[in-house]
>>> print(open('query17.cif').read())   # mmCIF, C-alpha atoms
data_target
loop_
_atom_site.group_PDB
_atom_site.id
_atom_site.type_symbol
_atom_site.label_atom_id
_atom_site.label_comp_id
_atom_site.auth_asym_id
_atom_site.auth_seq_id
_atom_site.Cartn_x
_atom_site.Cartn_y
_atom_site.Cartn_z
ATOM 1 C CA MET A 1 39.085 108.937 -25.438
ATOM 2 C CA ASP A 2 39.085 111.926 -23.159
ATOM 3 C CA LEU A 3 38.338 111.627 -19.481
ATOM 4 C CA ASN A 4 34.975 113.377 -19.753
ATOM 5 C CA LEU A 5 33.662 110.681 -22.075
ATOM 6 C CA LEU A 6 35.234 107.964 -19.936
ATOM 7 C CA SER A 7 33.648 109.522 -16.862
ATOM 8 C CA GLU A 8 30.210 109.479 -18.484
ATOM 9 C CA LYS A 9 30.599 105.844 -19.556
ATOM 10 C CA LEU A 10 31.687 104.833 -16.059
ATOM 11 C CA LYS A 11 28.906 106.791 -14.327
ATOM 12 C CA THR A 12 26.324 105.220 -16.643
ATOM 13 C CA LYS A 13 27.550 101.642 -16.480
ATOM 14 C CA TYR A 14 29.031 101.555 -12.947
ATOM 15 C CA PRO A 15 27.432 104.293 -10.804
ATOM 16 C CA LEU A 16 28.038 104.560 -7.090
ATOM 17 C CA PRO A 17 25.377 102.523 -5.280
ATOM 18 C CA ASP A 18 22.882 104.310 -3.040
ATOM 19 C CA ALA A 19 23.437 101.820 -0.207
ATOM 20 C CA PRO A 20 26.769 100.751 1.303
ATOM 21 C CA VAL A 21 28.404 97.709 -0.270
ATOM 22 C CA PRO A 22 27.753 94.582 1.831
ATOM 23 C CA LEU A 23 30.706 93.411 3.899
ATOM 24 C CA ASN A 24 32.190 90.015 4.631
ATOM 25 C CA GLU A 25 35.208 88.880 6.658
ATOM 26 C CA LYS A 26 37.459 89.233 3.581
ATOM 27 C CA SER A 27 36.246 92.596 2.241
ATOM 28 C CA SER A 28 38.766 94.954 0.680
ATOM 29 C CA ALA A 29 38.584 98.101 -1.414
ATOM 30 C CA VAL A 30 40.831 99.851 -3.902
ATOM 31 C CA LEU A 31 40.747 103.266 -5.523
ATOM 32 C CA VAL A 32 41.245 103.482 -9.277
ATOM 33 C CA ILE A 33 42.517 107.013 -9.861
ATOM 34 C CA LEU A 34 42.245 108.291 -13.435
ATOM 35 C CA TYR A 35 43.577 111.697 -14.460
ATOM 36 C CA PRO A 36 44.887 113.525 -17.550
ATOM 37 C CA ARG A 37 48.574 113.904 -18.305
ATOM 38 C CA HIS A 38 49.877 115.151 -21.659
ATOM 39 C CA ARG A 39 46.286 115.132 -22.942
ATOM 40 C CA GLN A 40 45.784 111.423 -22.403
ATOM 41 C CA PRO A 41 44.161 109.439 -19.592
ATOM 42 C CA HIS A 42 46.523 108.003 -16.991
ATOM 43 C CA VAL A 43 45.948 105.576 -14.135
ATOM 44 C CA LEU A 44 47.822 105.632 -10.838
ATOM 45 C CA LEU A 45 49.279 102.279 -9.792
ATOM 46 C CA ILE A 46 51.594 101.350 -6.958
ATOM 47 C CA GLN A 47 54.233 98.699 -6.528
ATOM 48 C CA ARG A 48 53.829 97.232 -3.072
ATOM 49 C CA ALA A 49 56.899 97.262 -0.830
ATOM 50 C CA GLU A 50 59.119 94.182 -1.085
ATOM 51 C CA HIS A 51 59.101 93.480 2.673
ATOM 52 C CA LEU A 52 55.313 93.129 2.995
ATOM 53 C CA ASN A 53 53.887 89.743 4.050
ATOM 54 C CA ARG A 54 51.176 89.739 1.375
ATOM 55 C CA HIS A 55 51.606 90.517 -2.314
ATOM 56 C CA ALA A 56 55.129 91.908 -1.840
ATOM 57 C CA GLY A 57 56.396 93.752 -4.912
ATOM 58 C CA GLU A 58 53.149 93.339 -6.832
ATOM 59 C CA ILE A 59 51.533 96.108 -8.854
ATOM 60 C CA SER A 60 48.155 97.203 -7.538
ATOM 61 C CA PHE A 61 45.808 100.098 -7.017
ATOM 62 C CA PRO A 62 45.976 101.913 -3.674
ATOM 63 C CA GLY A 63 43.775 100.004 -1.268
ATOM 64 C CA GLY A 64 43.532 97.294 1.311
ATOM 65 C CA PHE A 65 41.479 95.479 3.912
ATOM 66 C CA TYR A 66 38.302 96.846 5.452
ATOM 67 C CA GLU A 67 38.675 97.928 9.084
ATOM 68 C CA HIS A 68 35.667 98.301 11.367
ATOM 69 C CA GLN A 69 36.324 102.012 11.993
ATOM 70 C CA ASP A 70 36.074 102.669 8.217
ATOM 71 C CA GLY A 71 32.305 102.161 8.309
ATOM 72 C CA THR A 72 32.111 101.669 4.522
ATOM 73 C CA LEU A 73 34.291 100.204 1.815
ATOM 74 C CA LEU A 74 34.514 103.614 0.140
ATOM 75 C CA ASN A 75 36.092 104.913 3.342
ATOM 76 C CA THR A 76 38.486 101.945 3.245
ATOM 77 C CA ALA A 77 39.648 102.884 -0.262
ATOM 78 C CA LEU A 78 40.099 106.539 0.722
ATOM 79 C CA ARG A 79 41.917 105.666 3.984
ATOM 80 C CA GLU A 80 44.281 103.254 2.275
ATOM 81 C CA THR A 81 45.052 105.828 -0.446
ATOM 82 C CA ARG A 82 45.854 108.338 2.285
ATOM 83 C CA GLU A 83 48.059 105.828 4.155
ATOM 84 C CA GLU A 84 49.930 104.573 1.094
ATOM 85 C CA LEU A 85 50.346 107.822 -0.852
ATOM 86 C CA ASN A 86 49.610 110.621 1.628
ATOM 87 C CA LEU A 87 46.940 111.565 -0.889
ATOM 88 C CA GLU A 88 43.741 112.959 0.586
ATOM 89 C CA LEU A 89 40.798 112.703 -1.791
ATOM 90 C CA PRO A 90 37.247 113.685 -0.848
ATOM 91 C CA ALA A 91 34.530 111.084 -1.383
ATOM 92 C CA SER A 92 32.850 113.537 -3.788
ATOM 93 C CA GLN A 93 35.602 112.806 -6.353
ATOM 94 C CA VAL A 94 34.652 109.127 -6.448
ATOM 95 C CA ILE A 95 32.258 108.645 -9.367
ATOM 96 C CA GLY A 96 31.648 104.933 -9.586
ATOM 97 C CA LEU A 97 32.083 101.380 -8.397
ATOM 98 C CA LEU A 98 33.157 98.594 -10.735
ATOM 99 C CA PRO A 99 31.821 95.079 -10.071
ATOM 100 C CA GLN A 100 33.525 93.341 -7.182
ATOM 101 C CA VAL A 101 36.508 91.150 -7.942
ATOM 102 C CA GLN A 102 37.112 87.814 -6.231
ATOM 103 C CA THR A 103 40.716 86.794 -5.610
ATOM 104 C CA LEU A 104 42.022 83.254 -5.750
ATOM 105 C CA THR A 105 42.554 83.509 -1.966
ATOM 106 C CA GLY A 106 38.890 84.317 -1.279
ATOM 107 C CA PHE A 107 39.022 88.086 -0.839
ATOM 108 C CA THR A 108 36.307 90.337 -2.266
ATOM 109 C CA ILE A 109 37.646 93.614 -3.640
ATOM 110 C CA SER A 110 35.418 96.621 -4.328
ATOM 111 C CA PRO A 111 37.103 98.874 -6.943
ATOM 112 C CA PHE A 112 35.968 102.489 -6.591
ATOM 113 C CA ILE A 113 36.810 104.953 -9.376
ATOM 114 C CA ALA A 114 37.867 108.578 -9.057
ATOM 115 C CA ILE A 115 38.427 110.802 -12.070
ATOM 116 C CA LEU A 116 40.475 113.892 -11.285
ATOM 117 C CA ASP A 117 41.117 117.070 -13.276
ATOM 118 C CA GLN A 118 44.757 116.708 -12.286
ATOM 119 C CA LEU A 119 46.754 114.457 -10.012
ATOM 120 C CA PRO A 120 47.401 116.222 -6.700
ATOM 121 C CA PRO A 121 50.839 116.015 -5.121
ATOM 122 C CA TYR A 122 51.414 112.772 -3.260
ATOM 123 C CA ARG A 123 54.200 111.237 -1.208
ATOM 124 C CA ARG A 124 54.559 107.462 -1.150
ATOM 125 C CA ASN A 125 54.785 105.755 2.212
ATOM 126 C CA PRO A 126 57.991 103.676 1.900
ATOM 127 C CA ASP A 127 56.705 101.237 4.534
ATOM 128 C CA GLU A 128 53.926 100.221 2.130
ATOM 129 C CA VAL A 129 54.855 101.392 -1.365
ATOM 130 C CA GLN A 130 58.037 100.564 -3.280
ATOM 131 C CA SER A 131 57.242 102.861 -6.208
ATOM 132 C CA VAL A 132 54.412 104.726 -7.914
ATOM 133 C CA LEU A 133 53.570 104.153 -11.567
ATOM 134 C CA GLU A 134 51.836 107.018 -13.372
ATOM 135 C CA THR A 135 50.704 104.937 -16.317
ATOM 136 C CA PRO A 136 49.121 105.999 -19.638
ATOM 137 C CA LEU A 137 45.821 104.116 -19.720
ATOM 138 C CA HIS A 138 45.445 103.220 -23.419
ATOM 139 C CA PRO A 139 48.963 101.808 -23.927
ATOM 140 C CA LEU A 140 48.517 99.786 -20.724
ATOM 141 C CA LEU A 141 45.167 98.360 -21.828
ATOM 142 C CA SER A 142 46.643 97.455 -25.226
ATOM 143 C CA THR A 143 49.008 94.957 -23.533
ATOM 144 C CA HIS A 144 46.032 92.795 -22.506
ATOM 145 C CA HIS A 145 46.624 89.054 -22.839
ATOM 146 C CA ARG A 146 45.328 85.821 -21.370
ATOM 147 C CA GLU A 147 47.396 84.748 -18.383
ATOM 148 C CA MET A 148 49.019 81.409 -19.120
ATOM 149 C CA GLY A 149 49.256 78.706 -16.472
ATOM 150 C CA TYR A 150 45.606 78.959 -15.428
ATOM 151 C CA PRO A 151 42.640 77.033 -16.839
ATOM 152 C CA VAL A 152 40.791 79.015 -19.519
ATOM 153 C CA GLU A 153 37.598 79.005 -17.411
ATOM 154 C CA LYS A 154 39.381 81.063 -14.708
ATOM 155 C CA LYS A 155 39.518 83.917 -17.262
ATOM 156 C CA MET A 156 42.834 85.178 -15.904
ATOM 157 C CA VAL A 157 44.346 88.117 -17.783
ATOM 158 C CA ALA A 158 47.496 90.165 -17.402
ATOM 159 C CA TYR A 159 48.930 93.482 -18.560
ATOM 160 C CA TRP A 160 52.434 94.915 -18.806
ATOM 161 C CA HIS A 161 53.859 98.328 -17.962
ATOM 162 C CA PHE A 162 57.484 98.164 -19.072
ATOM 163 C CA GLU A 163 59.002 95.384 -16.934
ATOM 164 C CA HIS A 164 56.047 95.288 -14.525
ATOM 165 C CA ARG A 165 53.609 92.408 -14.938
ATOM 166 C CA ILE A 166 50.130 93.345 -13.733
ATOM 167 C CA TRP A 167 48.002 90.327 -12.916
ATOM 168 C CA GLY A 168 45.448 88.978 -10.462
ATOM 169 C CA ALA A 169 42.813 91.305 -9.041
ATOM 170 C CA THR A 170 44.451 94.429 -10.487
ATOM 171 C CA ALA A 171 44.335 92.922 -13.973
ATOM 172 C CA LYS A 172 40.686 91.939 -13.457
ATOM 173 C CA VAL A 173 39.842 95.562 -12.609
ATOM 174 C CA LEU A 174 41.742 96.836 -15.653
ATOM 175 C CA HIS A 175 39.871 94.279 -17.760
ATOM 176 C CA ARG A 176 36.546 95.789 -16.589
ATOM 177 C CA ILE A 177 37.729 99.216 -17.714
ATOM 178 C CA ARG A 178 38.953 97.759 -21.024
ATOM 179 C CA SER A 179 35.532 96.151 -21.539
ATOM 180 C CA LEU A 180 34.012 99.609 -21.935
ATOM 181 C CA ASN A 181 35.446 99.464 -25.491
ATOM 182 C CA LEU A 182 37.462 102.611 -25.085
ATOM 183 C CA ALA A 183 38.558 104.203 -28.338
ATOM 184 C CA HIS A 184 41.674 106.331 -28.546
#
>>> encode(input="query17.cif", output="structure tokens")
Amino acid sequence: MDLNLLSEKLKTKYPLPDAPVPLNEKSSAVLVILYPRHRQPHVLLIQRAEHLNRHAGEISFPGGFYEHQDGTLLNTALRETREELNLELPASQVIGLLPQVQTLTGFTISPFIAILDQLPPYRRNPDEVQSVLETPLHPLLSTHHREMGYPVEKKMVAYWHFEHRIWGATAKVLHRIRSLNLAH
């Protein structure tokens, strides 16, 4: 599937809301960045730095906790992307908002989606990001499996990118994208 078709599916099924997303004391936002590379859709993921107090070494999308000065969760996603990757994206490149994801620790994550014509240069912030994974989307989604060790009703899934296990909230977001029934 090319990114134009993916963009149309996302805009139709998960458009940006007209009103700001409601906030709570555990609101967070991430930015799902999709872009073409070698004529196939890619997704930008980060591996969080090993020294961080929360989710050290885990694979995630750029993002983090809402701060009052952000004003909106979209601004949170854009600010965190700037802080983690020195990547400045205008809000106009954000095309949609997937359904919120609840974490096992009670956080509510709003996953915004940006589809870019090309990935701009970025520079990871080593204080926050161990490494950056420029990941082909379809091969990643094909590694989908039920996460063992959790009750079936929790509907936990996981994905793999080489040796990197992608689970938790990041896997839930990828599962939403996979649910669009993307064809190659």
>>> atom_distance(input="query17.cif", atom1="CA of Pro126 in chain A", atom2="CA of Ile33 in chain A")
19.7 Å
>>> atom_distance(input="query17.cif", atom1="CA of Asp18 in chain A", atom2="CA of Pro120 in chain A")
27.5 Å
>>> closest_residue(input="query17.cif", among="A:Asp2, A:Glu25, A:Glu134, A:Glu128", to="Glu83 in chain A", atoms="only C-alpha atoms")
A:Glu128
>>> atom_distance(input="query17.cif", atom1="CA of Gly106 in chain A", atom2="CA of Gln47 in chain A")
21.7 Å
>>> residues_around(input="query17.cif", residues="His68 in chain A", least_positions_apart="4", cutoff="12 Å", atoms="all atoms listed in the file", output="mmCIF file with C-alpha atoms, in the coordinates of the input")
data_model
loop_
_atom_site.group_PDB
_atom_site.id
_atom_site.type_symbol
_atom_site.label_atom_id
_atom_site.label_comp_id
_atom_site.auth_asym_id
_atom_site.auth_seq_id
_atom_site.Cartn_x
_atom_site.Cartn_y
_atom_site.Cartn_z
ATOM 1 C CA LEU A 23 30.706 93.411 3.899
ATOM 2 C CA ASN A 24 32.190 90.015 4.631
ATOM 3 C CA GLU A 25 35.208 88.880 6.658
ATOM 4 C CA SER A 27 36.246 92.596 2.241
ATOM 5 C CA SER A 28 38.766 94.954 0.680
ATOM 6 C CA THR A 72 32.111 101.669 4.522
ATOM 7 C CA LEU A 73 34.291 100.204 1.815
ATOM 8 C CA ASN A 75 36.092 104.913 3.342
ATOM 9 C CA THR A 76 38.486 101.945 3.245
#
